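The file coords-v4.tsv comes next; it holds TSV, C-alpha atoms.
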```
chain	number	residue	atom	x	y	z
Z	165	VAL	CA	4.93	-48.02	22.08
Z	166	SER	CA	5.36	-44.42	23.19
Z	167	GLN	CA	8.55	-44.04	21.14
Z	168	ALA	CA	6.86	-45.55	18.09
Z	169	ALA	CA	3.92	-43.15	18.48
Z	170	SER	CA	6.32	-40.23	18.80
Z	171	THR	CA	8.18	-41.34	15.70
Z	172	GLY	CA	4.89	-41.62	13.83
Z	173	VAL	CA	3.87	-38.08	14.82
Z	174	GLN	CA	7.23	-36.74	13.68
Z	175	SER	CA	6.88	-38.55	10.36
Z	176	VAL	CA	3.44	-37.01	9.82
Z	177	GLN	CA	4.82	-33.55	10.62
Z	178	ILE	CA	7.69	-34.01	8.17
Z	179	ILE	CA	5.27	-35.16	5.45
Z	180	GLN	CA	3.05	-32.13	6.09
Z	181	GLN	CA	6.02	-29.76	5.98
Z	182	ASN	CA	7.26	-31.31	2.73
Z	183	ALA	CA	3.80	-31.05	1.22
Z	184	GLN	CA	3.54	-27.40	2.23
Z	185	ALA	CA	6.99	-26.66	0.78
Z	186	ALA	CA	6.05	-28.40	-2.46
Z	187	ALA	CA	2.80	-26.44	-2.68
Z	188	GLU	CA	4.62	-23.14	-2.14
Z	189	ALA	CA	7.25	-24.05	-4.74
Z	190	ALA	CA	4.51	-24.85	-7.25
Z	191	GLU	CA	2.71	-21.58	-6.43
Z	192	TRP	CA	5.84	-19.52	-7.07
Z	193	ALA	CA	7.12	-21.49	-10.07
Z	194	ASP	CA	5.74	-18.96	-12.57
Z	195	LYS	CA	6.08	-15.83	-10.42
Z	196	MET	CA	8.58	-12.97	-10.48
Z	197	LEU	CA	9.34	-9.95	-8.32
Z	198	VAL	CA	11.23	-6.79	-9.14
Z	199	THR	CA	14.24	-5.89	-7.04
Z	200	VAL	CA	14.15	-2.11	-7.45
Z	201	ASP	CA	14.22	0.05	-4.31
Z	202	LYS	CA	11.38	2.30	-3.16
Z	203	ASP	CA	12.77	5.34	-5.01
Z	204	SER	CA	13.02	3.56	-8.37
Z	205	SER	CA	10.83	1.81	-10.91
Z	206	LEU	CA	11.26	-0.81	-13.63
Z	207	ASN	CA	9.88	-0.20	-17.11
Z	208	ILE	CA	7.63	-2.75	-18.77
Z	209	ARG	CA	8.13	-2.59	-22.53
Z	210	LYS	CA	5.91	-3.57	-25.42
Z	211	GLU	CA	8.69	-5.61	-27.01
Z	212	ALA	CA	11.86	-7.29	-25.73
Z	213	SER	CA	14.05	-4.26	-26.40
Z	214	ALA	CA	15.33	-1.26	-24.45
Z	215	ASP	CA	14.10	0.91	-27.34
Z	216	ALA	CA	10.54	-0.43	-27.25
Z	217	GLU	CA	7.56	1.58	-26.01
Z	218	VAL	CA	7.04	1.65	-22.24
Z	219	VAL	CA	3.57	0.29	-21.45
Z	220	GLY	CA	3.80	0.28	-17.66
Z	221	LYS	CA	6.01	0.34	-14.61
Z	222	PHE	CA	6.82	-1.85	-11.65
Z	223	TYR	CA	7.54	-0.24	-8.30
Z	224	ALA	CA	9.15	-1.75	-5.20
Z	225	GLY	CA	7.17	-4.69	-3.89
Z	226	SER	CA	5.59	-5.47	-7.27
Z	227	GLY	CA	5.38	-8.82	-8.97
Z	228	ALA	CA	3.89	-10.64	-11.93
Z	229	GLU	CA	3.01	-13.90	-13.61
Z	230	VAL	CA	5.70	-15.14	-15.99
Z	231	LEU	CA	4.41	-15.86	-19.50
Z	232	GLU	CA	7.65	-16.44	-21.41
Z	233	THR	CA	11.22	-16.64	-20.11
Z	234	GLY	CA	14.20	-15.44	-22.12
Z	235	ASP	CA	17.92	-14.98	-21.50
Z	236	GLU	CA	17.70	-11.20	-21.20
Z	237	TRP	CA	13.99	-10.35	-21.30
Z	238	THR	CA	10.94	-12.04	-19.78
Z	239	LYS	CA	7.33	-11.56	-20.83
Z	240	VAL	CA	5.07	-10.99	-17.84
Z	241	LYS	CA	1.50	-10.10	-16.95
Z	242	SER	CA	0.66	-8.05	-13.87
Z	243	GLY	CA	-2.80	-6.60	-13.32
Z	244	ASP	CA	-3.83	-4.97	-16.59
Z	245	VAL	CA	-0.27	-4.70	-17.90
Z	246	GLU	CA	1.45	-7.20	-20.17
Z	247	GLY	CA	4.93	-6.76	-21.61
Z	248	TYR	CA	8.63	-7.42	-21.24
Z	249	VAL	CA	11.02	-6.72	-18.35
Z	250	ASN	CA	14.80	-6.87	-18.13
Z	251	ASN	CA	15.84	-9.97	-16.17
Z	252	ALA	CA	18.68	-8.10	-14.46
Z	253	TYR	CA	16.16	-6.37	-12.17
Z	254	CYS	CA	14.01	-9.39	-11.33
Z	255	VAL	CA	14.02	-12.58	-9.29
Z	256	PHE	CA	12.06	-15.68	-10.23
Z	257	GLY	CA	10.45	-18.74	-8.69
Z	258	GLU	CA	11.63	-19.69	-5.22
Z	259	ASP	CA	14.11	-16.80	-5.25
Z	260	ALA	CA	11.15	-14.48	-5.72
Z	261	HIS	CA	9.39	-16.12	-2.78
Z	262	THR	CA	12.43	-15.66	-0.56
Z	263	TYR	CA	12.84	-12.05	-1.68
Z	264	ALA	CA	9.16	-11.35	-0.98
Z	265	GLU	CA	9.40	-12.79	2.54
Z	266	GLU	CA	12.39	-10.56	3.25
Z	267	ASN	CA	11.17	-7.35	1.62
Z	268	CYS	CA	7.36	-7.34	1.41
Z	269	GLU	CA	4.79	-6.93	4.14
Z	270	THR	CA	2.44	-9.77	5.05
Z	271	LYS	CA	-1.22	-8.78	5.25
Z	272	ALA	CA	-4.16	-10.33	7.07
Z	273	THR	CA	-7.28	-9.61	5.01
Z	274	ALA	CA	-10.73	-10.14	6.51
Z	275	TYR	CA	-13.19	-12.21	4.47
Z	276	ALA	CA	-16.18	-11.51	6.71
Z	277	ASP	CA	-17.69	-8.43	8.30
Z	278	GLY	CA	-17.38	-7.51	11.97
Z	279	ILE	CA	-13.99	-9.13	12.66
Z	280	ARG	CA	-12.84	-8.05	16.12
Z	281	VAL	CA	-9.26	-6.88	16.59
Z	282	ARG	CA	-8.29	-7.71	20.16
Z	283	GLU	CA	-5.61	-6.57	22.58
Z	284	ALA	CA	-4.56	-10.15	23.35
Z	285	SER	CA	-4.97	-13.61	21.81
Z	286	ASN	CA	-8.18	-14.62	23.57
Z	287	THR	CA	-11.89	-13.89	23.17
Z	288	ASP	CA	-12.07	-12.09	26.52
Z	289	ALA	CA	-9.46	-9.51	25.55
Z	290	LYS	CA	-10.33	-5.86	24.98
Z	291	ILE	CA	-11.59	-5.02	21.48
Z	292	LEU	CA	-9.38	-2.38	19.84
Z	293	ASP	CA	-11.13	-2.21	16.48
Z	294	VAL	CA	-13.60	-3.98	14.22
Z	295	ILE	CA	-12.86	-4.57	10.51
Z	296	ASP	CA	-15.10	-5.65	7.65
Z	297	SER	CA	-14.57	-7.90	4.68
Z	298	GLY	CA	-11.73	-6.73	2.43
Z	299	ALA	CA	-9.98	-4.67	5.11
Z	300	SER	CA	-6.33	-5.56	5.73
Z	301	LEU	CA	-3.92	-5.27	8.63
Z	302	THR	CA	-0.15	-5.74	8.58
Z	303	VAL	CA	0.94	-9.00	10.17
Z	304	ASN	CA	3.66	-8.96	12.85
Z	305	THR	CA	5.79	-11.67	11.27
Z	306	ASP	CA	8.33	-11.52	14.12
Z	307	ALA	CA	5.71	-12.21	16.79
Z	308	GLU	CA	5.46	-15.58	18.48
Z	309	GLU	CA	2.87	-17.79	16.81
Z	310	VAL	CA	-0.32	-18.39	18.79
Z	311	ASP	CA	-2.58	-21.22	17.67
Z	312	GLY	CA	-5.80	-19.87	16.20
Z	313	TRP	CA	-4.67	-16.23	16.19
Z	314	VAL	CA	-2.74	-13.86	13.95
Z	315	SER	CA	-0.66	-11.06	15.43
Z	316	VAL	CA	-1.26	-7.78	13.59
Z	317	ASP	CA	-0.47	-4.09	13.86
Z	318	CYS	CA	-3.46	-1.94	14.83
Z	319	ASN	CA	-2.63	1.77	14.76
Z	320	GLY	CA	0.88	1.11	16.04
Z	321	THR	CA	-0.25	-1.36	18.70
Z	322	THR	CA	0.26	-5.13	18.69
Z	323	ALA	CA	-3.12	-6.81	18.40
Z	324	TYR	CA	-4.70	-10.12	17.40
Z	325	VAL	CA	-7.39	-11.38	15.04
Z	326	ALA	CA	-8.90	-14.85	14.85
Z	327	ALA	CA	-7.08	-16.85	12.17
Z	328	ASP	CA	-10.35	-18.44	10.96
Z	329	TYR	CA	-11.63	-15.13	9.58
Z	330	VAL	CA	-8.60	-13.71	7.77
Z	331	ASP	CA	-6.53	-14.66	4.75
Z	332	VAL	CA	-2.81	-14.21	5.46
Z	333	ALA	CA	-0.60	-13.59	2.44
Z	334	LEU	CA	2.40	-11.63	1.24
Z	335	ASN	CA	1.40	-8.22	-0.10
Z	336	ILE	CA	2.59	-8.17	-3.73
Z	337	ASP	CA	1.54	-5.13	-5.75
Z	338	ASP	CA	0.55	-5.16	-9.43
Z	339	ALA	CA	2.25	-3.13	-12.14
Z	340	VAL	CA	0.82	0.25	-13.09
Z	341	SER	CA	-0.05	1.00	-16.71
Z	342	MET	CA	1.16	4.17	-18.43
Z	343	GLU	CA	-2.48	5.19	-18.91
Z	344	GLU	CA	-3.00	5.06	-15.16
Z	345	ILE	CA	0.26	6.90	-14.49
Z	346	ARG	CA	-0.69	9.68	-16.92
Z	347	ALA	CA	-4.16	9.90	-15.35
Z	348	ARG	CA	-2.62	10.25	-11.90
Z	349	GLU	CA	-0.22	12.92	-13.11
Z	350	ALA	CA	-3.05	14.85	-14.79
Z	351	ALA	CA	-5.17	14.67	-11.64
Z	352	ALA	CA	-2.25	15.86	-9.51
Z	353	ALA	CA	-1.54	18.75	-11.91
Z	354	GLN	CA	-5.21	19.76	-11.93
Z	355	LYS	CA	-5.34	19.72	-8.13
Z	356	ALA	CA	-2.16	21.81	-7.92
Z	357	ALA	CA	-3.57	24.32	-10.42
Z	358	GLN	CA	-6.83	24.59	-8.48
Z	359	GLU	CA	-4.97	25.14	-5.22
Z	360	ALA	CA	-2.73	27.77	-6.85
Z	361	ALA	CA	-5.78	29.54	-8.34
Z	362	ALA	CA	-7.55	29.49	-4.97
Z	363	GLN	CA	-4.50	30.92	-3.26
Z	364	ALA	CA	-4.09	33.60	-5.92
Z	365	GLY	CA	-7.77	34.48	-5.57
Z	366	SER	CA	-7.37	34.91	-1.82
Z	367	LEU	CA	-4.41	37.24	-2.35
Z	368	ILE	CA	-6.36	39.30	-4.89
Z	369	ASP	CA	-9.29	39.58	-2.49
Z	370	VAL	CA	-7.02	40.77	0.30
Z	371	GLN	CA	-5.16	43.23	-1.90
Z	372	ALA	CA	-8.36	44.59	-3.45
Z	373	ALA	CA	-10.28	44.96	-0.19
Z	374	PRO	CA	-10.99	48.71	0.37
Z	375	VAL	CA	-9.41	50.35	3.38
Z	376	VAL	CA	-12.06	52.30	5.25
Z	377	ARG	CA	-10.92	54.68	7.92
Z	378	ALA	CA	-13.06	54.17	10.95
Z	379	GLY	CA	-13.64	57.89	11.44
Z	380	ASN	CA	-15.04	58.22	7.91
Z	381	HIS	CA	-17.39	55.25	8.15
Z	382	PRO	CA	-20.98	56.63	8.34
Z	383	ALA	CA	-21.92	54.60	11.41
Z	384	VAL	CA	-18.71	55.47	13.26
Z	385	LYS	CA	-19.02	59.13	12.23
Z	386	ARG	CA	-22.52	59.33	13.70
Z	387	ASN	CA	-21.24	57.90	16.95
Z	388	LEU	CA	-18.36	60.37	17.04
Z	389	LEU	CA	-20.70	63.29	16.38
Z	390	ALA	CA	-23.00	62.11	19.11
Z	391	ALA	CA	-20.05	61.93	21.48
Z	392	GLY	CA	-18.80	65.39	20.45
Z	393	THR	CA	-15.56	64.04	19.00
Z	394	ALA	CA	-16.15	64.43	15.28
Z	395	SER	CA	-12.81	66.14	14.83
Z	396	ILE	CA	-10.90	62.89	15.70
Z	397	THR	CA	-9.07	61.57	12.63
Z	398	GLY	CA	-9.88	58.14	11.28
Z	399	ILE	CA	-8.16	55.15	12.82
Z	400	SER	CA	-5.96	53.52	10.20
```
Represent the structure of the file as structure tokens.
Amino acid sequence: VSQAASTGVQSVQIIQQNAQAAAEAAEWADKMLVTVDKDSSLNIRKEASADAEVVGKFYAGSGAEVLETGDEWTKVKSGDVEGYVNNAYCVFGEDAHTYAEENCETKATAYADGIRVREASNTDAKILDVIDSGASLTVNTDAEEVDGWVSVDCNGTTAYVAADYVDVALNIDDAVSMEEIRAREAAAAQKAAQEAAAQAGSLIDVQAAPVVRAGNHPAVKRNLLAAGTASITGIS
């Protein structure tokens, strides 16, 4: 009876694992990820051509929903950007899932306020921080799994949050539109110009500041006269 029960438990576990694998495969069936490194980007074009207008960019760790698949170009949608990407720099489906697990961070995002981040995986452990809904922490994917808890990084320290109050998922970024890129560049240029103007203004103020010899300053001169030392030259 014991062996039969054990066999039954194993069968249930196998069924659950297969169901989870099938669900993940279905989730990633129409997904893609770019394979560019952190110093590069992949153009998203308006048409399926290298000469077409660039409407956005993918950076490392970005992905999208696949709309149409072609031999050389694939139409995708990511965030507010829709267009075509060159297949040579992308992975699709389960390959995208595998690539994401190997190259993207996993985040634990709180979906309630006041979630306690603890030093150890128990409710008596010291509280290191408290996060509110929408806040995310990086998951320590190499840590040993503890039932009911998620191991996370908290300011460089290994910590734990209750699994019931966070959503754990791979962190896949959206594409960035050219409008947003140009807006960022304009904002950065404006900030640089303001800083340069402020620095130039400080230099002008310093250079234009009058040099007053102490001995010629009215207040100092009165003091020198009172002390009988009015003939002392000004201190430069």
With the cut-off set at 7 Å and counting all atoms listed in the file, tabulate each residue of segment 197-232 of chain Z with an atom at most that distance from an atom of segment 338-359 of chain Z, showing the nearest atom pair and its distance in Å to one decimal, ordered by chain and increasing number, as CSV.
```
residue,atom,partner,partner_atom,distance
Z:Val219,CA,Z:Met342,CA,5.5
Z:Gly220,CA,Z:Ser341,CA,4.0
Z:Lys221,CA,Z:Val340,CA,5.4
Z:Phe222,CA,Z:Ala339,CA,4.8
Z:Ser226,CA,Z:Asp338,CA,5.5
Z:Gly227,CA,Z:Asp338,CA,6.1
Z:Ala228,CA,Z:Asp338,CA,6.9
```
Atom CA of Ser205 of chain Z to atom CA of Val332 of chain Z, distance in Å rounded to a single decimal: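 Calculated distance between atom CA of Ser205 of chain Z and atom CA of Val332 of chain Z is 26.7 Å.
Atom pair atom CA of Val198 of chain Z / atom CA of Leu334 of chain Z has a distance of 14.5 Å (rounded to one decimal).
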Residue with smallest distance to Glu191 of chain Z - pool Z:Glu229, Z:Asp288, Z:Asp244, Z:Asp277, counting only C-alpha atoms: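 Answer, going by the shortest atom-to-atom distance: Z:Glu229.
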Contacts of Val310 of chain Z within 12 Å, only C-alpha atoms, excl. fewer than 6 positions in-chain, as a ChimeraX atom specification: /Z:284-286,304,316,323-327
Closest of Z:Gly225, Z:Val218, Z:Thr171, Z:Asp328 to Ala260 of chain Z - atom-to-atom distances counting only C-alpha atoms: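 Once distances to Ala260 of chain Z are computed over only C-alpha atoms, the minimum belongs to Z:Gly225.
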